[in-house]
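S.K.: Below are the structure tokens for one structure; questions will follow.
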Amino acid sequence: MADLQTQNYIRRSATTLTPPSVRNHEQEVAKLIDVTRCIGCKACQSACMEWNNLRPEVGHFEGAYENPGDLAPSVWTLMRFEEYENDVGNLEWLIRKDGCMHCEDPGCLKACPAPGAIVQYANGIVDFMSDACIGCGYCLKGCPFDIPRINPVDHKSYKCTLCSDRVGVGLEPACVKACPTGAIMFGSKSDMKDWAGERIEDLKSRGFENAGLYDPPGVGGTHVMYVLHHADKPGIYSGLPENPTISKLVQFWKGLIKPIAIAGIAFAAVTAFVHWITVGPNDVEQNDEDEADRLLKKAEGS
Amino acid sequence: MTNTWQDIKNANLVVVMGGNAAEAHPCGFKWVIEAKIENSAKLVVIDPRFTRTASVADKYAPIRPGTDIAFLSGVIRYLLANDRIQHEYVRAYTNAGMIVKEEFGFVDGLFSGYNEDTHSYDKSSWEYEFDEQGFAKVDETWQHPRCVINLLRKHVDRYTPEMVTRICGTPIEKYMEICELFASTSAPDKAMTSLFALGWTQHSVGAQNIRSMAMIQLLLGNIGVAGGGMNALRGHSNIQGLTDVGLLSNAMPGYLTLPYDREDTFETYMSTKQFKPLRPGQISYWQNYRKFMVSFQKAIYGDAATAENNWAYDWLPKLDVPLYDIIRAFEMMDKGEMTGYICQGFNPLQAFPDRGKIRRSLGKLKYLITMDPLDTETSRFWEDFGPQNPSKPEDIQTEVFQLPTTCFAEENGSLVNSARWLQWHWKAAEAPGMAKSDIWIMSGIFHRMREMYRKEGGAFPDPLLHLSWNYTDPHDPDPEELSKDMNGRALVDLKDASGAVTVHAGKLLDGFAQLRDDGTTASGCWIFTGSFTEKGNQMARRDASDPREQGIAPNWAWAWPANRRILYNRASADPAGKAWNPGKPVIEWNGTQWTGIDVPDYTPTTKPSDSVGPFIMNAEGLGRLFARDQMAEGPFPEHYEPFESPSENILHPKVKSNPAARVFADDRAAMGKVADFPYVATTYRLTEHFHFWTKHALINAILQPEEFIEIGEVLAKQKGIVQGGWVKVSSKRGWVTCKAYVTKRIKPLIVDGKPTHVIGVPLHWGFTGQARKGFGANTLTPSVGDANTQTPEFKAFLVNIERATGPAV
Amino acid sequence: MKYPKANIVRYPTVTRVNHWITAGCFVLLVLSGLAMFHPMLFFLTELFGGGQWARAAHPWIGTILLLSYGGMIVQFWRDELFTWDDLQWSKSIAKVIVNEEEGVPEAPRFNAGQKLVFWAMAFLVPALFFSGLLIWEVYFSSYTTIEQQRYAMLIHSLCAIAAILVWITHVYSGIWIRGSVSAMMHGHVTPGWAFRHHRKWFRSLVATGSRGPVPNPTSRTEHKS
């Protein structure tokens, strides 16, 4: 019987072959986070902990409502709070649920050296396969959103799975289920975009001229999208990147260098071999020994 | 709530003031979001802090804690001065035109009839003028200088926008914008909903805060309509149930009142209860008081309550003071007048003001019994937990019995939500360890005490010996049996006028209209009658269908009274019976009867032409802009400063704070002065926690692990306080050392020309549970309550703050 | 003076041990590094007990390499300094490659090519080490930004490729110049080998009566005077 799970992979890290591709009719999913109706209650955070059995340590108050203080191996989603004073001097408390964006073109997957440690399903979800993870941290370098975290105990990388286990059986992600205000929606990507359009219209009518959808094209779009009141300034939402792309450095490292390097190394080896069979070894000849002997004797004689 | 959670979605304007719905009621807050999205509603938040509710608001205005009445009185002035009230509604459904006695007056902050010695009022002048038939006089033209609307106009005239901003510190342009938003809902087809909670109740003028908004809602025609109402968001899943069944020292189930000791006979007691209608043709539903009372006595004492013994009236306890509230209880413990305390489902060491006094008082008890699913601080008050609970156990003689109980998920039962719905819940898990249900524990105590009385006699054994106790397992009555008792049953065959049997003896009743005052019916809580009938457990119904998709699902659970989802729904239609808002009708007159999606306030065949008022519990059938004698401090709300306030009362310097408040001498001595404690503090909850419970749950502890206070950037800079740094916050009563959150969300307010700083004190941390140890906000709070309810003034008091180095461990 | 029958000491024991530690580390680093560099070579991690082990071992081996190569530098640096003669030698590289002796300047202990290898590695090994530190996730990732780590990653890869190319040159040279491997294995070369490949060195040994690897500090000439 076919392993349908693996047939669902449309991308697989550190793989030079084409993944199974005949089952090509799966709908792309997306989570839509409407920042403008989020009340920062952290129900999503607790649902995430509940469903995934995550329990970070009881921390300390660190001068912010963010608790725990940052994403961590056992913190896959986190409400980030930003006090922002707008142009007319009114305060806005911008609360954004942070977590994996599930990029269409995932930088983590591109950077990963371990075959199959990161996969992308046909529905767009990017998932970490912990058994294959080697803990190198390359995914952190590949990610334009600073999401994955390596656990220092087991040396595995962790992040939001978009509840791929739930989605796989037709349920919504746990955070979506728990959100009391419907600020987190889940469905097909096209439906989510349509719904976002309605929201943006409403926001514009309330004076948010720059309301818009955050679905950054630099990473081919994402399967987690935001409705923002100020889509022109994503940076004010606790540093959401303006135009995220996979770093040029990573692209170069994971792109051009690889073939050039392998070719270079192969070329060097082949050159050496050709030299060996054409020129051959440089042997000491009897003449050299004699000359050396002569020199030695001369020295002895003096 | 007059309306329902779901009904909030019908509002055009949602005002959150005196509450923080998004943080304290995140689940219910979905309906506010729904109103915004589906009904293009605007959300206005008025709060000392920019809260998480404010983060999704269309308009936010800051206000100094404890000045809500000034703000709202200013709004009333704006509505009246600009004629932005719903005239037809006000004329038909409120007492605006009724003429008040000539003796009534208001001078320099005091209403007529004040007695300085007793700090209370003789309220006889707070009354209508009556005609020969005993009906209140009305001037439908509103020309009479002493008709209510004109007295109100005069009363609020002082609350000019300038005065409001001087008192409240609210920027004037924000205030005016909000006035206009309020006014926009005076259109008959527009509704505003008021969502409030402990931000209004926890003041020395708490009840009047709420009244002020209720009056605005009456003037705007927003009571009884879809998307309107006064909606108290209850802070606890069953606190509505607590008040419904009368778990207050002066109450009995169904809002019947416990007798005073001066009401020495049943007839004396009844003489002040069955209000005669004050206008022709009105219902004045309390005329049925006797039926409810007798049925209650029958439920409690069964056959032992007879006409001959006045339905066992003598067995009821009689109050010698207005209220044995918790502030008084701890005052008595402190004075050695109360030596035993059964503390059931309550954590006063965290929850009640002046923690030092609470700890001291508990240490003077002979015994303390705690019944709780959690290891509460109160149970461990005697133990030394370091600076967060310094104690010398060897000096404390109190014997503590800590009885673990089940929690809601470990037992069957019902909870009454904010919308008055009785919702049945089913046991989901076995209780851990030795935990037992409260019912089991109370039954055990009852049986042992009754046995002792039976064997040893006593001063007054009758109430216990005659208590009716007919349960399958007398040691552990089934919650369903108790619910049936609450609902009530016929004790004999009940017959209608024609002699036909309507209810057979022993059968459960369908509604409180069936209750009788001749001892033939029993009902433990008349407002719950109909919740558990012969058709079954109505509270367990789970049909979510909502015929008009207007937030009323009549077959989901059961709402008191009579499964009515919107109280005063008669007022959703105009006097002729047509909906004010044809788009969202609740009930309408179809020519022969009232029809619609809700149960009407009165008999469905009562004609509009009968002019029966929608406010059937009031003797005049009308909504009261003038409260008569119902409030302790006056028939109109008046701005009084909190007992600890940084400001004089600009309106009347001689009467600064609520003149009718009860303050014990020791508590008054523990009030701080602005010279020593220059900053205003206010306490509140955070979304991540529920009071002092969820710190026992690991996930909640992770989400908000440690005690902190919130302070504005300006004051923090002045005081050299850094983000996340340690501070010491002190009041006259104690101090707290915790971390500081320096925030833009609290700005200094200009009050009477002077900058006033507000410090926010979240209240969740204690010394048991999974979160980090904390001192608790009630270390700081003053021991003074609202003059009517004695709800403590947690929302406005004075503190000082300074940099600190962290607690000595 | 009479030479014993034994040959000339090219590398003393300490040097040889040091070299082979370095070499061993380098090989392991190449294997584990390439495994993480290119998916087709990931199978090489199996040599280390799997990906996790390869990832964990790599930086530690690198640390040993750094220390070990430090030892090489201490031992060799004097003989690896470039001189003007190296320029002359380099100019005749075309002859060297085809094994022609005629017209190639005499080489000291190390010729210019060897010096290049030595100094290339002397640069690359620390560069690899320090760029590697930045991406040593377990211990050092918190000290730098991700962007800095991305640069480190790239530098590490480029240096590694360079080092591999240098290493191939080095290894092949050892095979090509017969007797070199044995010299590093056992420490000795024949006088003829020294004469043929490092005549200047040989002459200096002969002149000072040294058995190698370096000339005696005082020359015989000075003794005589």
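Residues are referred to by chain and number: the chain letter is A, B, ... according to the order shown in the structure tokens, the number counts from 1 in that chain, and ligands are numbered separately from 1 in the order shown.
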Chain B near chain A within 9 Å: what's each residue's closest atom pair and its distance in Å to one decimal, counting only C-alpha atoms, ordered by chain then ascending residue number, as a Markdown table?

M.R.:
```
| residue | atom | partner | partner_atom | distance |
| --- | --- | --- | --- | --- |
| B:Ala22 | CA | A:Ile39 | CA | 6.2 |
| B:Glu23 | CA | A:Cys41 | CA | 6.6 |
| B:Pro26 | CA | A:Pro180 | CA | 6.3 |
| B:Cys27 | CA | A:Pro180 | CA | 4.9 |
| B:Gly28 | CA | A:Pro180 | CA | 7.7 |
| B:Phe29 | CA | A:Thr181 | CA | 6.7 |
| B:Lys30 | CA | A:Thr181 | CA | 4.2 |
| B:Trp31 | CA | A:Thr181 | CA | 7.8 |
| B:Val32 | CA | A:Thr181 | CA | 8.5 |
| B:Ile33 | CA | A:Thr181 | CA | 6.4 |
| B:Glu34 | CA | A:Thr181 | CA | 8.0 |
| B:Ile37 | CA | A:Asp202 | CA | 7.5 |
| B:Ser40 | CA | A:Asp202 | CA | 8.0 |
| B:Phe50 | CA | A:Leu91 | CA | 8.1 |
| B:Thr51 | CA | A:Trp93 | CA | 8.5 |
| B:Arg52 | CA | A:Ile39 | CA | 5.6 |
| B:Thr53 | CA | A:Ile39 | CA | 6.7 |
| B:Ala54 | CA | A:Trp93 | CA | 8.1 |
| B:Ser55 | CA | A:Trp93 | CA | 5.2 |
| B:Val56 | CA | A:Arg37 | CA | 6.2 |
| B:Asp58 | CA | A:Arg206 | CA | 7.7 |
| B:Leu686 | CA | A:Cys41 | CA | 8.7 |
| B:Thr687 | CA | A:Cys41 | CA | 5.5 |
| B:Glu688 | CA | A:Cys41 | CA | 6.6 |
| B:Leu698 | CA | A:Val58 | CA | 7.7 |
| B:Ile699 | CA | A:Ser46 | CA | 6.4 |
| B:Asn700 | CA | A:Ser46 | CA | 7.7 |
| B:Ala701 | CA | A:Val58 | CA | 6.2 |
| B:Ile702 | CA | A:Val58 | CA | 4.5 |
| B:Leu703 | CA | A:Asn67 | CA | 5.1 |
| B:Gln704 | CA | A:Asn67 | CA | 6.1 |
| B:Pro705 | CA | A:His60 | CA | 5.8 |
| B:Glu706 | CA | A:Phe61 | CA | 5.3 |
| B:Glu707 | CA | A:Phe61 | CA | 7.2 |
| B:Phe708 | CA | A:Phe61 | CA | 7.1 |
| B:Val722 | CA | A:Gly63 | CA | 8.9 |
| B:Gln723 | CA | A:Gly63 | CA | 5.3 |
| B:Gly724 | CA | A:Gly63 | CA | 3.9 |
| B:Gly725 | CA | A:Gly63 | CA | 7.7 |
| B:Lys739 | CA | A:Phe61 | CA | 6.9 |
| B:Ala740 | CA | A:Gly63 | CA | 6.6 |
| B:Tyr741 | CA | A:Gly63 | CA | 4.8 |
| B:Val742 | CA | A:Gly63 | CA | 7.1 |
| B:Thr743 | CA | A:Glu83 | CA | 7.9 |
| B:Lys744 | CA | A:Glu83 | CA | 6.6 |
| B:Arg745 | CA | A:Leu91 | CA | 7.3 |
| B:Gln770 | CA | A:Val58 | CA | 7.8 |
| B:Ala771 | CA | A:Val58 | CA | 6.7 |
| B:Arg772 | CA | A:His60 | CA | 7.8 |
```

S.K.: Would you mind exporting the chosen residues as a JSON list (two decimals), in the first residue's frame, restricted to C-alpha atoms?

M.R.:
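Dumped everything to out.json:
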```
[["chain", "number", "residue", "atom", "x", "y", "z"],
["B", 22, "ALA", "CA", -12.04, 41.42, 25.69],
["B", 23, "GLU", "CA", -9.74, 40.53, 28.55],
["B", 26, "PRO", "CA", -12.77, 36.82, 25.70],
["B", 27, "CYS", "CA", -15.25, 34.14, 24.65],
["B", 28, "GLY", "CA", -18.31, 36.36, 24.89],
["B", 29, "PHE", "CA", -16.40, 39.15, 23.23],
["B", 30, "LYS", "CA", -16.81, 37.32, 19.93],
["B", 31, "TRP", "CA", -20.25, 38.90, 19.74],
["B", 32, "VAL", "CA", -18.76, 42.36, 19.87],
["B", 33, "ILE", "CA", -16.51, 41.43, 16.97],
["B", 34, "GLU", "CA", -19.56, 39.98, 15.25],
["B", 37, "ILE", "CA", -18.19, 42.81, 11.21],
["B", 40, "SER", "CA", -20.90, 47.67, 11.07],
["B", 50, "PHE", "CA", -5.69, 51.26, 27.05],
["B", 51, "THR", "CA", -6.82, 47.67, 27.42],
["B", 52, "ARG", "CA", -6.94, 44.76, 25.03],
["B", 53, "THR", "CA", -10.56, 45.76, 24.48],
["B", 54, "ALA", "CA", -9.34, 49.20, 23.46],
["B", 55, "SER", "CA", -6.94, 47.57, 21.01],
["B", 56, "VAL", "CA", -9.88, 46.63, 18.80],
["B", 58, "ASP", "CA", -12.98, 52.42, 17.08],
["B", 686, "LEU", "CA", -5.72, 39.84, 32.83],
["B", 687, "THR", "CA", -6.95, 37.52, 30.12],
["B", 688, "GLU", "CA", -4.43, 34.86, 30.96],
["B", 698, "LEU", "CA", 0.36, 25.11, 34.46],
["B", 699, "ILE", "CA", -0.55, 26.55, 31.09],
["B", 700, "ASN", "CA", -2.02, 29.70, 32.57],
["B", 701, "ALA", "CA", 1.00, 30.07, 34.82],
["B", 702, "ILE", "CA", 3.22, 29.83, 31.75],
["B", 703, "LEU", "CA", 1.20, 32.47, 29.93],
["B", 704, "GLN", "CA", 1.41, 35.03, 32.73],
["B", 705, "PRO", "CA", 3.90, 33.78, 35.30],
["B", 706, "GLU", "CA", 4.67, 36.62, 37.65],
["B", 707, "GLU", "CA", 3.17, 39.55, 39.48],
["B", 708, "PHE", "CA", 3.65, 43.01, 37.96],
["B", 722, "VAL", "CA", 12.92, 50.85, 34.18],
["B", 723, "GLN", "CA", 11.08, 48.38, 32.01],
["B", 724, "GLY", "CA", 10.78, 45.08, 33.85],
["B", 725, "GLY", "CA", 12.56, 46.51, 36.90],
["B", 739, "LYS", "CA", 8.12, 43.99, 38.50],
["B", 740, "ALA", "CA", 7.04, 47.08, 36.56],
["B", 741, "TYR", "CA", 5.61, 47.17, 33.09],
["B", 742, "VAL", "CA", 6.36, 50.65, 31.76],
["B", 743, "THR", "CA", 3.74, 51.30, 29.13],
["B", 744, "LYS", "CA", 2.40, 53.86, 26.71],
["B", 745, "ARG", "CA", -1.07, 52.55, 27.51],
["B", 770, "GLN", "CA", 2.14, 26.99, 39.83],
["B", 771, "ALA", "CA", 2.85, 30.64, 39.08],
["B", 772, "ARG", "CA", 5.54, 32.59, 40.86]]
```

S.K.: Do you know which residues are at most 8 Å from Val119 in chain A counting only C-alpha atoms, after dropping those on the same chain fewer than 2 positions away, and could you put them as a CSV table (one decimal) with N, CA and C atoms, in the first residue's frame?

M.R.:
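Dumped everything to result-v2.csv:
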```csv
chain,number,residue,atom,x,y,z
A,9,TYR,N,4.1,14.7,-0.2
A,9,TYR,CA,5.2,15.6,-0.2
A,9,TYR,C,5.4,16.3,-1.6
A,10,ILE,N,5.3,17.6,-1.7
A,10,ILE,CA,5.7,18.2,-2.9
A,10,ILE,C,7.1,18.7,-2.9
A,11,ARG,N,7.6,18.9,-1.7
A,11,ARG,CA,9.0,19.3,-1.5
A,11,ARG,C,9.5,18.5,-0.4
A,12,ARG,N,10.8,18.2,-0.5
A,12,ARG,CA,11.5,17.4,0.5
A,12,ARG,C,12.9,17.9,0.6
A,13,SER,N,13.3,18.2,1.8
A,13,SER,CA,14.6,18.8,2.0
A,13,SER,C,15.7,17.9,1.5
A,109,LEU,N,13.4,24.8,4.3
A,109,LEU,CA,13.5,23.5,3.5
A,109,LEU,C,14.7,23.6,2.5
A,116,GLY,N,14.7,14.8,3.8
A,116,GLY,CA,13.4,14.5,4.4
A,116,GLY,C,13.2,15.1,5.8
A,117,ALA,N,14.1,15.9,6.3
A,117,ALA,CA,13.9,16.4,7.6
A,117,ALA,C,12.8,17.6,7.5
A,121,TYR,N,3.8,19.6,2.2
A,121,TYR,CA,2.7,18.8,1.7
A,121,TYR,C,2.1,19.5,0.5
A,126,VAL,N,4.3,23.3,5.7
A,126,VAL,CA,5.7,22.9,5.8
A,126,VAL,C,5.9,22.3,7.1
A,127,ASP,N,6.4,21.1,7.1
A,127,ASP,CA,6.5,20.3,8.4
A,127,ASP,C,7.9,19.8,8.6
A,128,PHE,N,8.2,19.7,9.9
A,128,PHE,CA,9.6,19.2,10.3
A,128,PHE,C,9.4,17.8,10.7
A,129,MET,N,10.2,16.9,10.1
A,129,MET,CA,10.2,15.5,10.4
A,129,MET,C,11.4,15.2,11.4
```

S.K.: Using only C-alpha atoms, determine which residues lie at most 7 Å from range 564-566 of chain B, disregarding the query and same-chain residues fewer than 4 positions distant; provide the list as a PyMOL selection string.

M.R.: chain B and resi 2-4+224+552+559-560+598-599

S.K.: Next, write the just-selected residues to a file, as an mmCIF file, in the first residue's frame, keeping C-alpha atoms as the atom set.

M.R.:
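Printed below is selection.cif as written:
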```cif
data_model
loop_
_atom_site.group_PDB
_atom_site.id
_atom_site.type_symbol
_atom_site.label_atom_id
_atom_site.label_comp_id
_atom_site.auth_asym_id
_atom_site.auth_seq_id
_atom_site.Cartn_x
_atom_site.Cartn_y
_atom_site.Cartn_z
ATOM 1 C CA THR B 2 -30.982 42.361 30.267
ATOM 2 C CA ASN B 3 -30.114 40.870 26.890
ATOM 3 C CA THR B 4 -27.968 37.932 25.828
ATOM 4 C CA GLY B 224 -35.641 46.057 25.767
ATOM 5 C CA ILE B 552 -32.237 34.205 20.379
ATOM 6 C CA ALA B 559 -33.443 31.471 30.870
ATOM 7 C CA TRP B 560 -35.150 32.988 33.876
ATOM 8 C CA ASP B 598 -39.048 35.960 22.578
ATOM 9 C CA VAL B 599 -41.422 35.398 25.469
#
```

S.K.: Pick the closest to chain C from A:Gln120, A:Asn151, A:Ser190, A:Gln7: which is it, counting only C-alpha atoms?

M.R.: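 Once distances to chain C are computed over only C-alpha atoms, the minimum belongs to A:Asn151.
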
S.K.: Pick out the residues sitting within 7 Å of range 24-33 of chain C, and hand them over as JSON, numbers by chain; count only C-alpha atoms, and ignore anything fewer than 6 positions along from it in its own chain.

M.R.: {"C": [44, 45, 54, 58, 61, 62, 65]}

S.K.: Grab the residues selected above and save them as a short mmCIF file (atom, residue, chain, number, x, y, z; two decimals), in the first residue's frame with N, CA and C atoms.

M.R.:
```
data_model
loop_
_atom_site.label_atom_id
_atom_site.label_comp_id
_atom_site.auth_asym_id
_atom_site.auth_seq_id
_atom_site.Cartn_x
_atom_site.Cartn_y
_atom_site.Cartn_z
N LEU C 44 27.38 10.02 3.51
CA LEU C 44 28.65 9.98 4.22
C LEU C 44 28.47 10.10 5.74
N THR C 45 27.31 10.69 6.14
CA THR C 45 27.08 10.82 7.59
C THR C 45 27.03 9.45 8.25
N ALA C 54 27.33 13.11 12.86
CA ALA C 54 28.20 13.84 11.95
C ALA C 54 28.16 15.33 12.30
N HIS C 58 31.57 17.10 13.84
CA HIS C 58 32.28 18.00 12.93
C HIS C 58 32.97 19.18 13.63
N ILE C 61 35.95 18.00 15.77
CA ILE C 61 37.10 17.60 14.95
C ILE C 61 37.80 18.85 14.44
N GLY C 62 36.97 19.84 14.08
CA GLY C 62 37.54 21.10 13.60
C GLY C 62 38.40 21.76 14.66
N LEU C 65 41.59 20.01 14.74
CA LEU C 65 42.36 20.40 13.55
C LEU C 65 43.05 21.75 13.78
#
```

S.K.: Taking the DSSP assignment computed from this structure's backbone, write out as a count of residues only all residues of range 30-222 of chain A that belong to alpha helix (DSSP H).

M.R.: 46

S.K.: Taking 6 positions as the minimum chain separation for residues in the same chain, which residues sit within 7 Å of range 152-160 of chain C when counting only C-alpha atoms? Answer as a list in words.

M.R.: Leu249 and Trp253 of chain A; Leu124, Leu128, Ser131, Gly132, Leu134 and Ile135 of chain C

S.K.: Using the selection just defined, write its residues with C-alpha atoms as a compact mmCIF listing (two decimals), in the first residue's frame.

M.R.:
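Contents of result-v2.txt, as written:
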```txt
# COMPACT_ATOMS: atom_id res chain seq x y z
CA LEU A 249 23.44 34.46 1.02
CA TRP A 253 25.11 28.89 -0.61
CA LEU C 124 41.81 28.59 5.77
CA LEU C 128 36.95 27.72 8.89
CA SER C 131 33.22 30.93 10.79
CA GLY C 132 32.34 27.51 12.14
CA LEU C 134 29.34 31.22 14.62
CA ILE C 135 27.29 28.36 13.27
```

S.K.: Give me, as a Markdown table, each residue of chain C that comes within 7 Å of chain A, together with its shortest interatomic pair and the distance in Å at one decimal, counting only C-alpha atoms, with rows ordered by chain and rising residue number.

M.R.:
```
| residue | atom | partner | partner_atom | distance |
| --- | --- | --- | --- | --- |
| C:Met1 | CA | A:Glu300 | CA | 4.7 |
| C:Lys2 | CA | A:Glu300 | CA | 6.2 |
| C:Met36 | CA | A:Pro113 | CA | 5.3 |
| C:Phe37 | CA | A:Pro113 | CA | 6.7 |
| C:His38 | CA | A:Lys258 | CA | 6.7 |
| C:Pro39 | CA | A:Ala14 | CA | 4.8 |
| C:Gly51 | CA | A:Ile134 | CA | 5.2 |
| C:Gln52 | CA | A:Ile134 | CA | 4.3 |
| C:Arg55 | CA | A:Cys136 | CA | 6.2 |
| C:Val98 | CA | A:Val279 | CA | 5.8 |
| C:Asn99 | CA | A:Asn282 | CA | 5.9 |
| C:Glu137 | CA | A:Gly137 | CA | 6.1 |
| C:Val138 | CA | A:Pro152 | CA | 6.3 |
| C:Ile146 | CA | A:Lys141 | CA | 6.0 |
| C:Arg150 | CA | A:Lys141 | CA | 5.8 |
| C:Tyr151 | CA | A:Leu249 | CA | 6.7 |
| C:Leu154 | CA | A:Trp253 | CA | 5.8 |
| C:Ile161 | CA | A:Ala261 | CA | 6.2 |
| C:Leu165 | CA | A:Ile265 | CA | 6.2 |
| C:Ile168 | CA | A:Ala269 | CA | 6.8 |
| C:Tyr172 | CA | A:Ala272 | CA | 6.4 |
| C:Trp176 | CA | A:Pro281 | CA | 4.6 |
| C:Ile177 | CA | A:Asn282 | CA | 4.9 |
| C:Arg178 | CA | A:Asp283 | CA | 5.3 |
| C:Pro191 | CA | A:Ala292 | CA | 5.6 |
| C:Gly192 | CA | A:Glu289 | CA | 3.7 |
| C:Trp193 | CA | A:Val284 | CA | 5.5 |
| C:Phe195 | CA | A:Ala292 | CA | 5.7 |
| C:Arg196 | CA | A:Asp288 | CA | 5.8 |
| C:Val206 | CA | A:Leu296 | CA | 6.3 |
| C:Ala207 | CA | A:Ala299 | CA | 6.8 |
```

S.K.: Have a look at CA of Pro353 in chain B and CA of Phe794 in chain B and let me know their distance in Å, one decimal.

M.R.: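 Computing the Euclidean distance for CA of Pro353 in chain B and CA of Phe794 in chain B yields 7.4 Å.
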
S.K.: Give the strand (DSSP E) residues of range 397-444 of chain B, as assigned by DSSP on the backbone, as a PyMOL selection string.

M.R.: chain B and resi 399-404+413-416+421-425

S.K.: Filtering to N, CA and C atoms, could you give me those residues as a short mmCIF file (atom, residue, chain, number, x, y, z; two decimals), in the first residue's frame?

M.R.:
```cif
data_model
loop_
_atom_site.label_atom_id
_atom_site.label_comp_id
_atom_site.auth_asym_id
_atom_site.auth_seq_id
_atom_site.Cartn_x
_atom_site.Cartn_y
_atom_site.Cartn_z
N GLU B 399 -7.87 26.67 64.30
CA GLU B 399 -7.83 25.30 63.80
C GLU B 399 -8.40 25.31 62.38
N VAL B 400 -7.62 24.83 61.42
CA VAL B 400 -8.05 24.92 60.02
C VAL B 400 -8.41 23.53 59.51
N PHE B 401 -9.60 23.42 58.95
CA PHE B 401 -10.02 22.18 58.30
C PHE B 401 -10.10 22.46 56.80
N GLN B 402 -9.25 21.80 56.07
CA GLN B 402 -9.21 22.06 54.63
C GLN B 402 -9.91 20.90 53.92
N LEU B 403 -11.10 21.16 53.39
CA LEU B 403 -11.89 20.10 52.77
C LEU B 403 -11.83 20.24 51.24
N PRO B 404 -11.19 19.31 50.57
CA PRO B 404 -11.13 19.40 49.11
C PRO B 404 -12.48 19.06 48.48
N GLY B 413 -24.72 19.37 37.31
CA GLY B 413 -25.30 20.56 37.92
C GLY B 413 -25.60 21.61 36.87
N SER B 414 -25.97 22.79 37.34
CA SER B 414 -26.26 23.85 36.40
C SER B 414 -25.47 25.09 36.79
N LEU B 415 -25.16 25.87 35.78
CA LEU B 415 -24.55 27.17 35.99
C LEU B 415 -25.49 28.20 35.37
N VAL B 416 -25.58 29.37 35.98
CA VAL B 416 -26.39 30.44 35.39
C VAL B 416 -25.41 31.45 34.80
N TRP B 421 -29.14 32.39 31.68
CA TRP B 421 -29.45 31.04 31.21
C TRP B 421 -28.99 30.03 32.24
N LEU B 422 -29.89 29.11 32.58
CA LEU B 422 -29.50 27.99 33.41
C LEU B 422 -29.05 26.88 32.46
N GLN B 423 -27.78 26.59 32.48
CA GLN B 423 -27.25 25.58 31.56
C GLN B 423 -26.77 24.37 32.35
N TRP B 424 -27.34 23.25 32.03
CA TRP B 424 -26.96 22.02 32.72
C TRP B 424 -25.58 21.58 32.24
N HIS B 425 -24.80 21.02 33.15
CA HIS B 425 -23.52 20.43 32.74
C HIS B 425 -23.38 19.05 33.34
#
```

S.K.: Using only C-alpha atoms, which protein or nucleic acid residues come within 10 Å of Pro547 in chain B? Drop anything in the same chain fewer than 5 positions from it, and give the result as a list of chain:residue names.

M.R.: B:Ile552, B:Ala553, B:Pro554, B:Gly596, B:Ile597

S.K.: Next, the residues of the selection above should be written as a PDB file, in the first residue's frame with C-alpha atoms.

M.R.:
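This went into again-v4.pdb:
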```pdb
ATOM      1  CA  ILE B 552     -32.237  34.205  20.379  1.00  0.00           C
ATOM      2  CA  ALA B 553     -32.317  30.417  20.481  1.00  0.00           C
ATOM      3  CA  PRO B 554     -35.306  29.743  22.715  1.00  0.00           C
ATOM      4  CA  GLY B 596     -42.079  37.184  17.947  1.00  0.00           C
ATOM      5  CA  ILE B 597     -38.922  35.393  18.840  1.00  0.00           C
TER       6      ILE B 597
END
```

S.K.: Report, in Å with one decimal, the straight-line distance from CA of Leu80 in chain B to CA of Asp189 in chain B.

M.R.: 19.3 Å

S.K.: Which polymer residues have any atom within 7 Å of an atom of Leu625 in chain B, counting only C-alpha atoms, with same-chain residues fewer than 2 positions away left out, as a list in words?

M.R.: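 After dropping sequence-adjacent residues, the list is Thr94, Asn95, Ala96, Met215, Gly623 and Ala627 of chain B.
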
S.K.: Please dump the current selection as a short mmCIF file (atom, residue, chain, number, x, y, z; two decimals), in the first residue's frame; keep C-alpha atoms.

M.R.:
```
data_model
loop_
_atom_site.label_atom_id
_atom_site.label_comp_id
_atom_site.auth_asym_id
_atom_site.auth_seq_id
_atom_site.Cartn_x
_atom_site.Cartn_y
_atom_site.Cartn_z
CA THR B 94 -40.06 56.02 31.65
CA ASN B 95 -41.10 58.07 34.63
CA ALA B 96 -39.84 61.28 32.95
CA MET B 215 -30.68 56.16 32.62
CA GLY B 623 -38.26 52.69 33.71
CA ALA B 627 -35.07 55.96 41.52
#
```
